[in-house]
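Structure data (mmCIF, N, CA and C atoms) from input18.cif:
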data_data
loop_
_atom_site.label_atom_id
_atom_site.label_comp_id
_atom_site.auth_asym_id
_atom_site.auth_seq_id
_atom_site.Cartn_x
_atom_site.Cartn_y
_atom_site.Cartn_z
N MET A 595 -36.32 12.22 1.22
CA MET A 595 -36.04 13.51 0.62
C MET A 595 -34.53 13.75 0.55
N ILE A 596 -33.81 13.45 1.63
CA ILE A 596 -32.35 13.65 1.65
C ILE A 596 -31.70 12.73 0.63
N LYS A 597 -32.21 11.50 0.50
CA LYS A 597 -31.63 10.57 -0.48
C LYS A 597 -31.75 11.15 -1.89
N ILE A 598 -32.87 11.76 -2.19
CA ILE A 598 -33.07 12.38 -3.50
C ILE A 598 -32.08 13.52 -3.69
N LEU A 599 -31.84 14.31 -2.67
CA LEU A 599 -30.89 15.41 -2.77
C LEU A 599 -29.48 14.89 -3.00
N TYR A 600 -29.10 13.84 -2.25
CA TYR A 600 -27.77 13.25 -2.45
C TYR A 600 -27.63 12.73 -3.88
N LEU A 601 -28.63 12.08 -4.36
CA LEU A 601 -28.58 11.53 -5.71
C LEU A 601 -28.48 12.64 -6.73
N THR A 602 -29.20 13.71 -6.49
CA THR A 602 -29.18 14.85 -7.40
C THR A 602 -27.78 15.44 -7.50
N ILE A 603 -27.12 15.56 -6.39
CA ILE A 603 -25.77 16.12 -6.37
C ILE A 603 -24.81 15.23 -7.13
N ALA A 604 -24.92 13.94 -6.94
CA ALA A 604 -24.03 13.01 -7.62
C ALA A 604 -24.18 13.12 -9.13
N ILE A 605 -25.36 13.38 -9.58
CA ILE A 605 -25.63 13.51 -11.00
C ILE A 605 -24.89 14.68 -11.60
N ALA A 606 -24.56 15.62 -10.77
CA ALA A 606 -23.94 16.83 -11.25
C ALA A 606 -22.58 16.63 -11.89
N PHE A 607 -22.05 15.45 -11.86
CA PHE A 607 -20.69 15.26 -12.35
C PHE A 607 -20.59 14.40 -13.61
N LEU A 608 -21.65 14.10 -14.33
CA LEU A 608 -21.56 13.10 -15.39
C LEU A 608 -21.85 13.64 -16.78
N GLY A 609 -21.38 12.95 -17.84
CA GLY A 609 -21.59 13.34 -19.22
C GLY A 609 -20.71 12.57 -20.19
N SER A 610 -20.34 13.14 -21.45
CA SER A 610 -19.54 12.33 -22.38
C SER A 610 -18.56 13.03 -23.32
N SER A 611 -18.42 14.32 -23.38
CA SER A 611 -17.38 15.00 -24.16
C SER A 611 -16.96 16.22 -23.34
N SER A 612 -15.73 16.62 -23.42
CA SER A 612 -15.23 17.61 -22.49
C SER A 612 -15.24 19.02 -23.07
N ALA A 613 -15.63 20.00 -22.28
CA ALA A 613 -15.57 21.41 -22.65
C ALA A 613 -15.40 22.21 -21.37
N GLN A 614 -14.77 23.38 -21.50
CA GLN A 614 -14.63 24.23 -20.33
C GLN A 614 -15.97 24.92 -20.09
N ILE A 615 -16.36 25.04 -18.84
CA ILE A 615 -17.64 25.63 -18.50
C ILE A 615 -17.44 26.82 -17.57
N THR A 616 -18.51 27.56 -17.34
CA THR A 616 -18.43 28.71 -16.45
C THR A 616 -18.84 28.30 -15.04
N TRP A 617 -18.32 29.03 -14.06
CA TRP A 617 -18.60 28.75 -12.66
C TRP A 617 -18.66 30.07 -11.91
N LYS A 618 -19.10 29.99 -10.66
CA LYS A 618 -19.16 31.15 -9.78
C LYS A 618 -18.33 30.85 -8.54
N ASP A 619 -17.47 31.79 -8.15
CA ASP A 619 -16.69 31.61 -6.93
C ASP A 619 -17.62 31.74 -5.73
N CYS A 620 -17.42 30.90 -4.73
CA CYS A 620 -18.29 30.94 -3.55
C CYS A 620 -17.47 31.08 -2.26
N GLY A 621 -16.35 31.81 -2.35
CA GLY A 621 -15.60 32.07 -1.14
C GLY A 621 -14.20 31.51 -1.11
N SER A 622 -13.53 31.44 -2.26
CA SER A 622 -12.15 30.96 -2.27
C SER A 622 -11.30 31.87 -1.39
N LYS A 623 -10.51 31.28 -0.51
CA LYS A 623 -9.70 32.05 0.43
C LYS A 623 -8.21 31.98 0.12
N ASN A 624 -7.74 30.86 -0.36
CA ASN A 624 -6.31 30.64 -0.52
C ASN A 624 -5.95 30.08 -1.88
N GLY A 625 -6.73 30.46 -2.89
CA GLY A 625 -6.48 29.99 -4.23
C GLY A 625 -7.51 30.54 -5.19
N ALA A 626 -7.37 30.15 -6.44
CA ALA A 626 -8.32 30.59 -7.46
C ALA A 626 -8.48 29.49 -8.50
N LEU A 627 -9.73 29.16 -8.79
CA LEU A 627 -10.02 28.18 -9.84
C LEU A 627 -9.64 28.80 -11.18
N THR A 628 -8.91 28.04 -12.01
CA THR A 628 -8.50 28.55 -13.31
C THR A 628 -9.23 27.86 -14.46
N SER A 629 -9.68 26.63 -14.25
CA SER A 629 -10.48 25.96 -15.28
C SER A 629 -11.31 24.84 -14.65
N LEU A 630 -12.43 24.60 -15.29
CA LEU A 630 -13.34 23.53 -14.87
C LEU A 630 -13.83 22.83 -16.11
N GLU A 631 -13.65 21.52 -16.14
CA GLU A 631 -14.12 20.70 -17.26
C GLU A 631 -15.02 19.61 -16.70
N VAL A 632 -16.19 19.48 -17.30
CA VAL A 632 -17.11 18.40 -16.95
C VAL A 632 -17.36 17.61 -18.22
N GLU A 633 -17.02 16.34 -18.18
CA GLU A 633 -17.17 15.50 -19.35
C GLU A 633 -18.62 15.52 -19.81
N GLY A 634 -18.83 15.73 -21.10
CA GLY A 634 -20.17 15.75 -21.66
C GLY A 634 -20.84 17.10 -21.62
N CYS A 635 -20.19 18.08 -21.00
CA CYS A 635 -20.80 19.40 -20.89
C CYS A 635 -20.23 20.33 -21.94
N THR A 636 -21.10 20.88 -22.78
CA THR A 636 -20.68 21.81 -23.81
C THR A 636 -21.25 23.21 -23.59
N ALA A 637 -22.13 23.36 -22.62
CA ALA A 637 -22.72 24.67 -22.32
C ALA A 637 -23.27 24.65 -20.90
N THR A 638 -23.30 25.81 -20.28
CA THR A 638 -23.86 25.95 -18.94
C THR A 638 -25.35 26.26 -19.08
N PRO A 639 -26.24 25.59 -18.33
CA PRO A 639 -25.94 24.55 -17.35
C PRO A 639 -25.54 23.23 -18.02
N CYS A 640 -24.70 22.49 -17.34
CA CYS A 640 -24.29 21.18 -17.84
C CYS A 640 -25.48 20.23 -17.75
N THR A 641 -25.76 19.54 -18.83
CA THR A 641 -26.81 18.52 -18.82
C THR A 641 -26.15 17.19 -18.53
N LEU A 642 -26.60 16.56 -17.46
CA LEU A 642 -26.07 15.26 -17.06
C LEU A 642 -27.14 14.21 -17.30
N ILE A 643 -26.76 13.16 -17.98
CA ILE A 643 -27.71 12.13 -18.40
C ILE A 643 -27.70 10.96 -17.42
N LYS A 644 -28.89 10.61 -16.97
CA LYS A 644 -29.04 9.48 -16.05
C LYS A 644 -28.54 8.19 -16.72
N GLY A 645 -27.96 7.32 -15.91
CA GLY A 645 -27.49 6.04 -16.41
C GLY A 645 -26.11 6.11 -17.04
N THR A 646 -25.42 7.25 -16.91
CA THR A 646 -24.07 7.38 -17.46
C THR A 646 -23.09 7.71 -16.33
N ASP A 647 -21.83 7.61 -16.63
CA ASP A 647 -20.79 8.05 -15.72
C ASP A 647 -20.22 9.35 -16.27
N ALA A 648 -19.83 10.23 -15.35
CA ALA A 648 -19.24 11.50 -15.77
C ALA A 648 -18.02 11.79 -14.93
N SER A 649 -17.15 12.58 -15.50
CA SER A 649 -15.97 12.99 -14.74
C SER A 649 -15.81 14.49 -14.84
N MET A 650 -15.09 15.03 -13.87
CA MET A 650 -14.88 16.46 -13.78
C MET A 650 -13.42 16.69 -13.40
N LYS A 651 -12.84 17.73 -13.94
CA LYS A 651 -11.48 18.11 -13.56
C LYS A 651 -11.48 19.60 -13.24
N ALA A 652 -11.04 19.91 -12.02
CA ALA A 652 -10.93 21.30 -11.58
C ALA A 652 -9.45 21.62 -11.42
N THR A 653 -9.00 22.68 -12.08
CA THR A 653 -7.62 23.12 -11.99
C THR A 653 -7.60 24.46 -11.28
N PHE A 654 -6.66 24.62 -10.36
CA PHE A 654 -6.64 25.84 -9.55
C PHE A 654 -5.22 26.22 -9.16
N ASN A 655 -5.03 27.50 -8.88
CA ASN A 655 -3.78 28.00 -8.32
C ASN A 655 -3.93 27.98 -6.82
N GLN A 656 -2.99 27.37 -6.16
CA GLN A 656 -3.03 27.21 -4.71
C GLN A 656 -2.04 28.18 -4.08
N LYS A 657 -2.52 29.07 -3.19
CA LYS A 657 -1.68 30.12 -2.60
C LYS A 657 -0.99 29.70 -1.31
N ILE A 658 -1.33 28.54 -0.75
CA ILE A 658 -0.75 28.10 0.52
C ILE A 658 -0.24 26.67 0.41
N ASP A 659 0.71 26.33 1.29
CA ASP A 659 1.20 24.95 1.37
C ASP A 659 0.11 24.06 1.97
N SER A 660 0.11 22.79 1.56
CA SER A 660 -0.77 21.82 2.21
C SER A 660 -0.15 20.43 2.10
N THR A 661 -0.32 19.68 3.16
CA THR A 661 0.14 18.29 3.17
C THR A 661 -0.85 17.42 2.42
N SER A 662 -2.14 17.71 2.62
CA SER A 662 -3.20 16.96 1.95
C SER A 662 -4.32 17.92 1.58
N ILE A 663 -5.22 17.43 0.72
CA ILE A 663 -6.37 18.22 0.26
C ILE A 663 -7.60 17.33 0.34
N ARG A 664 -8.67 17.91 0.86
CA ARG A 664 -9.94 17.18 0.97
C ARG A 664 -10.98 17.86 0.08
N ALA A 665 -11.75 17.05 -0.64
CA ALA A 665 -12.83 17.57 -1.49
C ALA A 665 -14.13 17.52 -0.72
N LYS A 666 -14.90 18.58 -0.82
CA LYS A 666 -16.22 18.65 -0.18
C LYS A 666 -17.22 19.08 -1.25
N VAL A 667 -18.28 18.28 -1.44
CA VAL A 667 -19.26 18.54 -2.49
C VAL A 667 -20.63 18.70 -1.87
N SER A 668 -21.38 19.70 -2.37
CA SER A 668 -22.76 19.93 -1.92
C SER A 668 -23.62 20.27 -3.12
N GLY A 669 -24.89 19.97 -3.01
CA GLY A 669 -25.87 20.45 -3.97
C GLY A 669 -26.57 21.64 -3.32
N VAL A 670 -26.72 22.71 -4.07
CA VAL A 670 -27.36 23.90 -3.52
C VAL A 670 -28.78 23.96 -4.07
N ILE A 671 -29.73 23.73 -3.17
CA ILE A 671 -31.14 23.70 -3.55
C ILE A 671 -31.88 24.75 -2.72
N PHE A 672 -32.54 25.68 -3.39
CA PHE A 672 -33.22 26.79 -2.73
C PHE A 672 -32.27 27.55 -1.81
N GLY A 673 -31.01 27.69 -2.26
CA GLY A 673 -30.01 28.42 -1.50
C GLY A 673 -29.39 27.68 -0.34
N ILE A 674 -29.78 26.44 -0.14
CA ILE A 674 -29.27 25.65 0.99
C ILE A 674 -28.32 24.57 0.47
N PRO A 675 -27.04 24.59 0.93
CA PRO A 675 -26.13 23.53 0.51
C PRO A 675 -26.41 22.22 1.25
N ILE A 676 -26.62 21.17 0.49
CA ILE A 676 -26.87 19.84 1.04
C ILE A 676 -25.61 19.00 0.79
N PRO A 677 -24.90 18.60 1.86
CA PRO A 677 -23.66 17.84 1.67
C PRO A 677 -23.88 16.54 0.90
N PHE A 678 -22.93 16.24 0.03
CA PHE A 678 -22.94 14.99 -0.73
C PHE A 678 -21.72 14.18 -0.32
N PRO A 679 -21.91 13.03 0.29
CA PRO A 679 -20.76 12.22 0.70
C PRO A 679 -20.08 11.57 -0.51
N LEU A 680 -18.79 11.81 -0.62
CA LEU A 680 -18.01 11.21 -1.70
C LEU A 680 -17.46 9.86 -1.26
N PRO A 681 -17.31 8.92 -2.18
CA PRO A 681 -16.72 7.63 -1.83
C PRO A 681 -15.30 7.81 -1.26
N ASP A 682 -14.57 8.80 -1.79
CA ASP A 682 -13.23 9.10 -1.30
C ASP A 682 -13.04 10.62 -1.43
N ASP A 683 -13.01 11.32 -0.30
CA ASP A 683 -12.86 12.77 -0.36
C ASP A 683 -11.41 13.22 -0.29
N ASN A 684 -10.47 12.26 -0.24
CA ASN A 684 -9.05 12.58 -0.20
C ASN A 684 -8.60 12.91 -1.62
N ALA A 685 -8.44 14.21 -1.89
CA ALA A 685 -8.08 14.64 -3.25
C ALA A 685 -6.70 14.14 -3.66
N CYS A 686 -5.87 13.77 -2.70
CA CYS A 686 -4.57 13.18 -3.04
C CYS A 686 -4.75 11.86 -3.78
N ASN A 687 -5.87 11.20 -3.54
CA ASN A 687 -6.21 9.97 -4.27
C ASN A 687 -6.93 10.26 -5.58
N LEU A 688 -7.21 11.53 -5.83
CA LEU A 688 -7.95 11.95 -7.02
C LEU A 688 -7.06 12.78 -7.94
N ASN A 689 -5.80 12.40 -7.98
CA ASN A 689 -4.78 12.98 -8.86
C ASN A 689 -4.32 14.38 -8.49
N ALA A 690 -4.61 14.85 -7.27
CA ALA A 690 -4.05 16.13 -6.82
C ALA A 690 -2.59 15.94 -6.45
N ASN A 691 -1.82 17.00 -6.55
CA ASN A 691 -0.42 16.98 -6.10
C ASN A 691 -0.40 17.14 -4.59
N CYS A 692 0.10 16.14 -3.90
CA CYS A 692 0.20 16.18 -2.44
C CYS A 692 1.57 15.65 -2.03
N PRO A 693 2.29 16.35 -1.17
CA PRO A 693 1.95 17.67 -0.66
C PRO A 693 2.02 18.72 -1.76
N ALA A 694 1.34 19.84 -1.54
CA ALA A 694 1.32 20.94 -2.51
C ALA A 694 2.00 22.15 -1.89
N VAL A 695 2.72 22.86 -2.72
CA VAL A 695 3.42 24.05 -2.24
C VAL A 695 2.66 25.30 -2.64
N ALA A 696 2.88 26.35 -1.87
CA ALA A 696 2.21 27.63 -2.14
C ALA A 696 2.56 28.13 -3.54
N ASN A 697 1.61 28.84 -4.13
CA ASN A 697 1.78 29.47 -5.45
C ASN A 697 2.08 28.46 -6.55
N SER A 698 1.39 27.32 -6.50
CA SER A 698 1.54 26.30 -7.53
C SER A 698 0.18 25.95 -8.11
N GLU A 699 0.20 25.35 -9.31
CA GLU A 699 -1.03 24.88 -9.93
C GLU A 699 -1.30 23.47 -9.44
N ASN A 700 -2.58 23.17 -9.21
CA ASN A 700 -2.98 21.84 -8.77
C ASN A 700 -4.28 21.50 -9.48
N SER A 701 -4.67 20.24 -9.46
CA SER A 701 -5.96 19.84 -10.05
C SER A 701 -6.49 18.61 -9.32
N VAL A 702 -7.79 18.48 -9.37
CA VAL A 702 -8.48 17.34 -8.75
C VAL A 702 -9.44 16.78 -9.79
N GLU A 703 -9.49 15.46 -9.89
CA GLU A 703 -10.40 14.78 -10.82
C GLU A 703 -11.43 14.00 -10.03
N LEU A 704 -12.69 14.30 -10.25
CA LEU A 704 -13.79 13.59 -9.59
C LEU A 704 -14.53 12.79 -10.65
N ASN A 705 -15.00 11.61 -10.29
CA ASN A 705 -15.74 10.75 -11.21
C ASN A 705 -16.90 10.11 -10.45
N LEU A 706 -18.11 10.34 -10.92
CA LEU A 706 -19.29 9.83 -10.23
C LEU A 706 -20.30 9.26 -11.22
N PRO A 707 -21.04 8.22 -10.80
CA PRO A 707 -22.11 7.69 -11.66
C PRO A 707 -23.38 8.52 -11.50
N ILE A 708 -24.09 8.70 -12.61
CA ILE A 708 -25.40 9.35 -12.56
C ILE A 708 -26.43 8.23 -12.63
N LEU A 709 -27.06 7.99 -11.50
CA LEU A 709 -27.98 6.86 -11.42
C LEU A 709 -29.34 7.18 -12.03
N ASN A 710 -29.98 6.16 -12.57
CA ASN A 710 -31.33 6.33 -13.13
C ASN A 710 -32.34 6.77 -12.08
N GLU A 711 -32.06 6.46 -10.82
CA GLU A 711 -32.98 6.79 -9.73
C GLU A 711 -32.97 8.28 -9.37
N TYR A 712 -31.98 9.03 -9.84
CA TYR A 712 -31.90 10.45 -9.51
C TYR A 712 -33.07 11.19 -10.15
N PRO A 713 -33.59 12.19 -9.47
CA PRO A 713 -34.69 12.97 -10.05
C PRO A 713 -34.19 13.88 -11.17
N SER A 714 -35.05 14.17 -12.11
CA SER A 714 -34.71 15.14 -13.16
C SER A 714 -35.00 16.53 -12.61
N LEU A 715 -33.94 17.35 -12.48
CA LEU A 715 -34.10 18.71 -11.97
C LEU A 715 -32.85 19.52 -12.21
N SER A 716 -32.94 20.81 -11.94
CA SER A 716 -31.80 21.72 -12.03
C SER A 716 -31.29 22.00 -10.63
N VAL A 717 -29.96 22.03 -10.48
CA VAL A 717 -29.35 22.24 -9.18
C VAL A 717 -27.96 22.85 -9.40
N ASP A 718 -27.50 23.63 -8.43
CA ASP A 718 -26.11 24.11 -8.46
C ASP A 718 -25.26 23.13 -7.66
N VAL A 719 -24.10 22.80 -8.20
CA VAL A 719 -23.16 21.95 -7.50
C VAL A 719 -22.07 22.85 -6.93
N ARG A 720 -21.81 22.72 -5.62
CA ARG A 720 -20.77 23.49 -4.95
C ARG A 720 -19.64 22.54 -4.58
N ILE A 721 -18.41 22.93 -4.92
CA ILE A 721 -17.24 22.12 -4.61
C ILE A 721 -16.22 22.98 -3.88
N GLN A 722 -15.68 22.42 -2.80
CA GLN A 722 -14.63 23.08 -2.04
C GLN A 722 -13.45 22.14 -1.92
N PHE A 723 -12.25 22.71 -1.96
CA PHE A 723 -11.04 21.96 -1.66
C PHE A 723 -10.43 22.59 -0.42
N LEU A 724 -10.19 21.74 0.59
CA LEU A 724 -9.74 22.19 1.90
C LEU A 724 -8.41 21.54 2.26
N THR A 725 -7.59 22.25 3.04
CA THR A 725 -6.33 21.68 3.52
C THR A 725 -6.60 20.74 4.69
N GLU A 726 -5.54 20.11 5.17
CA GLU A 726 -5.65 19.20 6.32
C GLU A 726 -6.15 19.92 7.57
N SER A 727 -5.99 21.24 7.64
CA SER A 727 -6.48 22.00 8.80
C SER A 727 -7.80 22.71 8.48
N ASN A 728 -8.47 22.28 7.42
CA ASN A 728 -9.76 22.82 6.97
C ASN A 728 -9.69 24.24 6.44
N ALA A 729 -8.50 24.71 6.06
CA ALA A 729 -8.40 26.02 5.40
C ALA A 729 -8.98 25.88 4.00
N ASN A 730 -9.83 26.83 3.62
CA ASN A 730 -10.48 26.83 2.32
C ASN A 730 -9.47 27.24 1.26
N ILE A 731 -9.17 26.33 0.32
CA ILE A 731 -8.30 26.69 -0.81
C ILE A 731 -9.16 27.35 -1.88
N VAL A 732 -10.11 26.61 -2.43
CA VAL A 732 -11.04 27.18 -3.40
C VAL A 732 -12.45 26.68 -3.13
N CYS A 733 -13.41 27.49 -3.53
CA CYS A 733 -14.82 27.14 -3.47
C CYS A 733 -15.46 27.67 -4.75
N PHE A 734 -16.20 26.82 -5.45
CA PHE A 734 -16.87 27.25 -6.68
C PHE A 734 -18.15 26.47 -6.84
N GLN A 735 -19.06 27.01 -7.63
CA GLN A 735 -20.29 26.28 -7.94
C GLN A 735 -20.69 26.54 -9.38
N PHE A 736 -21.41 25.56 -9.93
CA PHE A 736 -21.85 25.65 -11.31
C PHE A 736 -23.20 24.95 -11.45
N PRO A 737 -24.02 25.41 -12.41
CA PRO A 737 -25.35 24.83 -12.57
C PRO A 737 -25.34 23.56 -13.43
N VAL A 738 -26.19 22.62 -13.06
CA VAL A 738 -26.38 21.41 -13.84
C VAL A 738 -27.87 21.13 -13.99
N LYS A 739 -28.18 20.37 -14.99
CA LYS A 739 -29.54 19.90 -15.21
C LYS A 739 -29.46 18.40 -15.38
N ILE A 740 -30.16 17.68 -14.51
CA ILE A 740 -30.18 16.22 -14.58
C ILE A 740 -31.35 15.82 -15.48
N SER A 741 -31.05 14.95 -16.44
CA SER A 741 -32.04 14.62 -17.45
C SER A 741 -31.98 13.13 -17.80
N SER A 742 -33.10 12.62 -18.32
CA SER A 742 -33.16 11.21 -18.76
C SER A 742 -32.50 11.06 -20.12
#

Taking this structure as input, can you express it in the form of structure tokens?
Amino acid sequence: MIKILYLTIAIAFLGSSSAQITWKDCGSKNGALTSLEVEGCTATPCTLIKGTDASMKATFNQKIDSTSIRAKVSGVIFGIPIPFPLPDDNACNLNANCPAVANSENSVELNLPILNEYPSLSVDVRIQFLTESNANIVCFQFPVKISS
């Protein structure tokens, strides 16, 4: 069951043409998301196609200094966030500006494969960017639909 949830979350990031989508803030403390693009998504919920790769770019205003930034991804199913382990959660390796200074714009690019084994379902994807001391910079979530 957990494997299915992890797979479902990974699917949340894939597609093939870029458009800005809508999101919901889920507790940003030290920043604000200014744009979210998911490749292949032209309307919310984003439809992610199994067997493809997708990328996402989140741009945000960062209100505090940070030496490094860590990405944390979860799938929210029935109101419960299920953590999704990223191959590399160091956002500095995902094109973020590190170190980052307060009151600056920053962005993180995530790229994940949508495997054929993932179940077809609707899920909210929650993404957080945290400082080296686990201070919450931004938290947002958006709906996706995984499809064949």

Selection result of the PyMOL selection byres ((chain A and resi 669) around 7) on this file, as an MDAnalysis selection string | chainID A and resid 599 602:603 667:668 670:671 674:678 717:720

Selected residues written out with N, CA and C atoms, as an mmCIF file, in the coordinates of the input:
data_model
loop_
_atom_site.group_PDB
_atom_site.id
_atom_site.type_symbol
_atom_site.label_atom_id
_atom_site.label_comp_id
_atom_site.auth_asym_id
_atom_site.auth_seq_id
_atom_site.Cartn_x
_atom_site.Cartn_y
_atom_site.Cartn_z
ATOM 1 N N LEU A 599 -31.840 14.310 -2.670
ATOM 2 C CA LEU A 599 -30.890 15.410 -2.770
ATOM 3 C C LEU A 599 -29.480 14.890 -3.000
ATOM 4 N N THR A 602 -29.200 13.710 -6.490
ATOM 5 C CA THR A 602 -29.180 14.850 -7.400
ATOM 6 C C THR A 602 -27.780 15.440 -7.500
ATOM 7 N N ILE A 603 -27.120 15.560 -6.390
ATOM 8 C CA ILE A 603 -25.770 16.120 -6.370
ATOM 9 C C ILE A 603 -24.810 15.230 -7.130
ATOM 10 N N VAL A 667 -18.280 18.280 -1.440
ATOM 11 C CA VAL A 667 -19.260 18.540 -2.490
ATOM 12 C C VAL A 667 -20.630 18.700 -1.870
ATOM 13 N N SER A 668 -21.380 19.700 -2.370
ATOM 14 C CA SER A 668 -22.760 19.930 -1.920
ATOM 15 C C SER A 668 -23.620 20.270 -3.120
ATOM 16 N N VAL A 670 -26.720 22.710 -4.070
ATOM 17 C CA VAL A 670 -27.360 23.900 -3.520
ATOM 18 C C VAL A 670 -28.780 23.960 -4.070
ATOM 19 N N ILE A 671 -29.730 23.730 -3.170
ATOM 20 C CA ILE A 671 -31.140 23.700 -3.550
ATOM 21 C C ILE A 671 -31.880 24.750 -2.720
ATOM 22 N N ILE A 674 -29.780 26.440 -0.140
ATOM 23 C CA ILE A 674 -29.270 25.650 0.990
ATOM 24 C C ILE A 674 -28.320 24.570 0.470
ATOM 25 N N PRO A 675 -27.040 24.590 0.930
ATOM 26 C CA PRO A 675 -26.130 23.530 0.510
ATOM 27 C C PRO A 675 -26.410 22.220 1.250
ATOM 28 N N ILE A 676 -26.620 21.170 0.490
ATOM 29 C CA ILE A 676 -26.870 19.840 1.040
ATOM 30 C C ILE A 676 -25.610 19.000 0.790
ATOM 31 N N PRO A 677 -24.900 18.600 1.860
ATOM 32 C CA PRO A 677 -23.660 17.840 1.670
ATOM 33 C C PRO A 677 -23.880 16.540 0.900
ATOM 34 N N PHE A 678 -22.930 16.240 0.030
ATOM 35 C CA PHE A 678 -22.940 14.990 -0.730
ATOM 36 C C PHE A 678 -21.720 14.180 -0.320
ATOM 37 N N VAL A 717 -29.960 22.030 -10.480
ATOM 38 C CA VAL A 717 -29.350 22.240 -9.180
ATOM 39 C C VAL A 717 -27.960 22.850 -9.400
ATOM 40 N N ASP A 718 -27.500 23.630 -8.430
ATOM 41 C CA ASP A 718 -26.110 24.110 -8.460
ATOM 42 C C ASP A 718 -25.260 23.130 -7.660
ATOM 43 N N VAL A 719 -24.100 22.800 -8.200
ATOM 44 C CA VAL A 719 -23.160 21.950 -7.500
ATOM 45 C C VAL A 719 -22.070 22.850 -6.930
ATOM 46 N N ARG A 720 -21.810 22.720 -5.620
ATOM 47 C CA ARG A 720 -20.770 23.490 -4.950
ATOM 48 C C ARG A 720 -19.640 22.540 -4.580
#

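Of note, CA of Thr661 in chain A and CA of Phe734 in chain A are spaced 21.6 Å apart.
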
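When the PyMOL selection byres ((chain A and resi 708) around 5) is evaluated on the file shown here, the picked residues come out as Ile605, Lys644, Gly645, Thr646, Asp647, Leu706, Pro707, Leu709 and Asn710 of chain A.
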
Care to translate the PyMOL selection byres ((chain A and resi 617) around 5) into actual residues of this file, as a VMD selection string?
-> chain A and resid 615 to 616 618 to 619 735 to 736

Identify which of the residues A:Ser741, A:Thr636, A:Asn730, A:Ser701 lies closest to Pro713 in chain A, counting only C-alpha atoms when measuring atom-to-atom distances.
->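 Closest to Pro713 in chain A, using only C-alpha atoms: A:Ser741.
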
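Pairwise distance (CA of Glu726 in chain A, atom C of Gly625 in chain A) equals 16.3 Å.
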
Between CA of Ala690 in chain A and CA of Thr628 in chain A - distance in Å to one decimal =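 Taking CA of Thr628 in chain A as the start and CA of Ala690 in chain A as the end point, the length is 14.7 Å.
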
Contacts of Asp682 in chain A within 10 Å, only C-alpha atoms, excl. fewer than 3 positions in-chain, as a list in words =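 Answer for this query is Arg664, Ala665, Pro679, Ala685, Cys686, Asn687, Leu688 and Leu704 of chain A.
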
Okay, now the selection with N, CA and C atoms, as a PDB file, in the coordinates of the input?
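So the final result, stored in result-v6.pdb, reads:
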ATOM      1  N   ARG A 664      -8.670  17.910   0.860  1.00  0.00           N
ATOM      2  CA  ARG A 664      -9.940  17.180   0.970  1.00  0.00           C
ATOM      3  C   ARG A 664     -10.980  17.860   0.080  1.00  0.00           C
ATOM      4  N   ALA A 665     -11.750  17.050  -0.640  1.00  0.00           N
ATOM      5  CA  ALA A 665     -12.830  17.570  -1.490  1.00  0.00           C
ATOM      6  C   ALA A 665     -14.130  17.520  -0.720  1.00  0.00           C
ATOM      7  N   PRO A 679     -21.910  13.030   0.290  1.00  0.00           N
ATOM      8  CA  PRO A 679     -20.760  12.220   0.700  1.00  0.00           C
ATOM      9  C   PRO A 679     -20.080  11.570  -0.510  1.00  0.00           C
ATOM     10  N   ALA A 685      -8.440  14.210  -1.890  1.00  0.00           N
ATOM     11  CA  ALA A 685      -8.080  14.640  -3.250  1.00  0.00           C
ATOM     12  C   ALA A 685      -6.700  14.140  -3.660  1.00  0.00           C
ATOM     13  N   CYS A 686      -5.870  13.770  -2.700  1.00  0.00           N
ATOM     14  CA  CYS A 686      -4.570  13.180  -3.040  1.00  0.00           C
ATOM     15  C   CYS A 686      -4.750  11.860  -3.780  1.00  0.00           C
ATOM     16  N   ASN A 687      -5.870  11.200  -3.540  1.00  0.00           N
ATOM     17  CA  ASN A 687      -6.210   9.970  -4.270  1.00  0.00           C
ATOM     18  C   ASN A 687      -6.930  10.260  -5.580  1.00  0.00           C
ATOM     19  N   LEU A 688      -7.210  11.530  -5.830  1.00  0.00           N
ATOM     20  CA  LEU A 688      -7.950  11.950  -7.020  1.00  0.00           C
ATOM     21  C   LEU A 688      -7.060  12.780  -7.940  1.00  0.00           C
ATOM     22  N   LEU A 704     -12.690  14.300 -10.250  1.00  0.00           N
ATOM     23  CA  LEU A 704     -13.790  13.590  -9.590  1.00  0.00           C
ATOM     24  C   LEU A 704     -14.530  12.790 -10.650  1.00  0.00           C
TER      25      LEU A 704
END
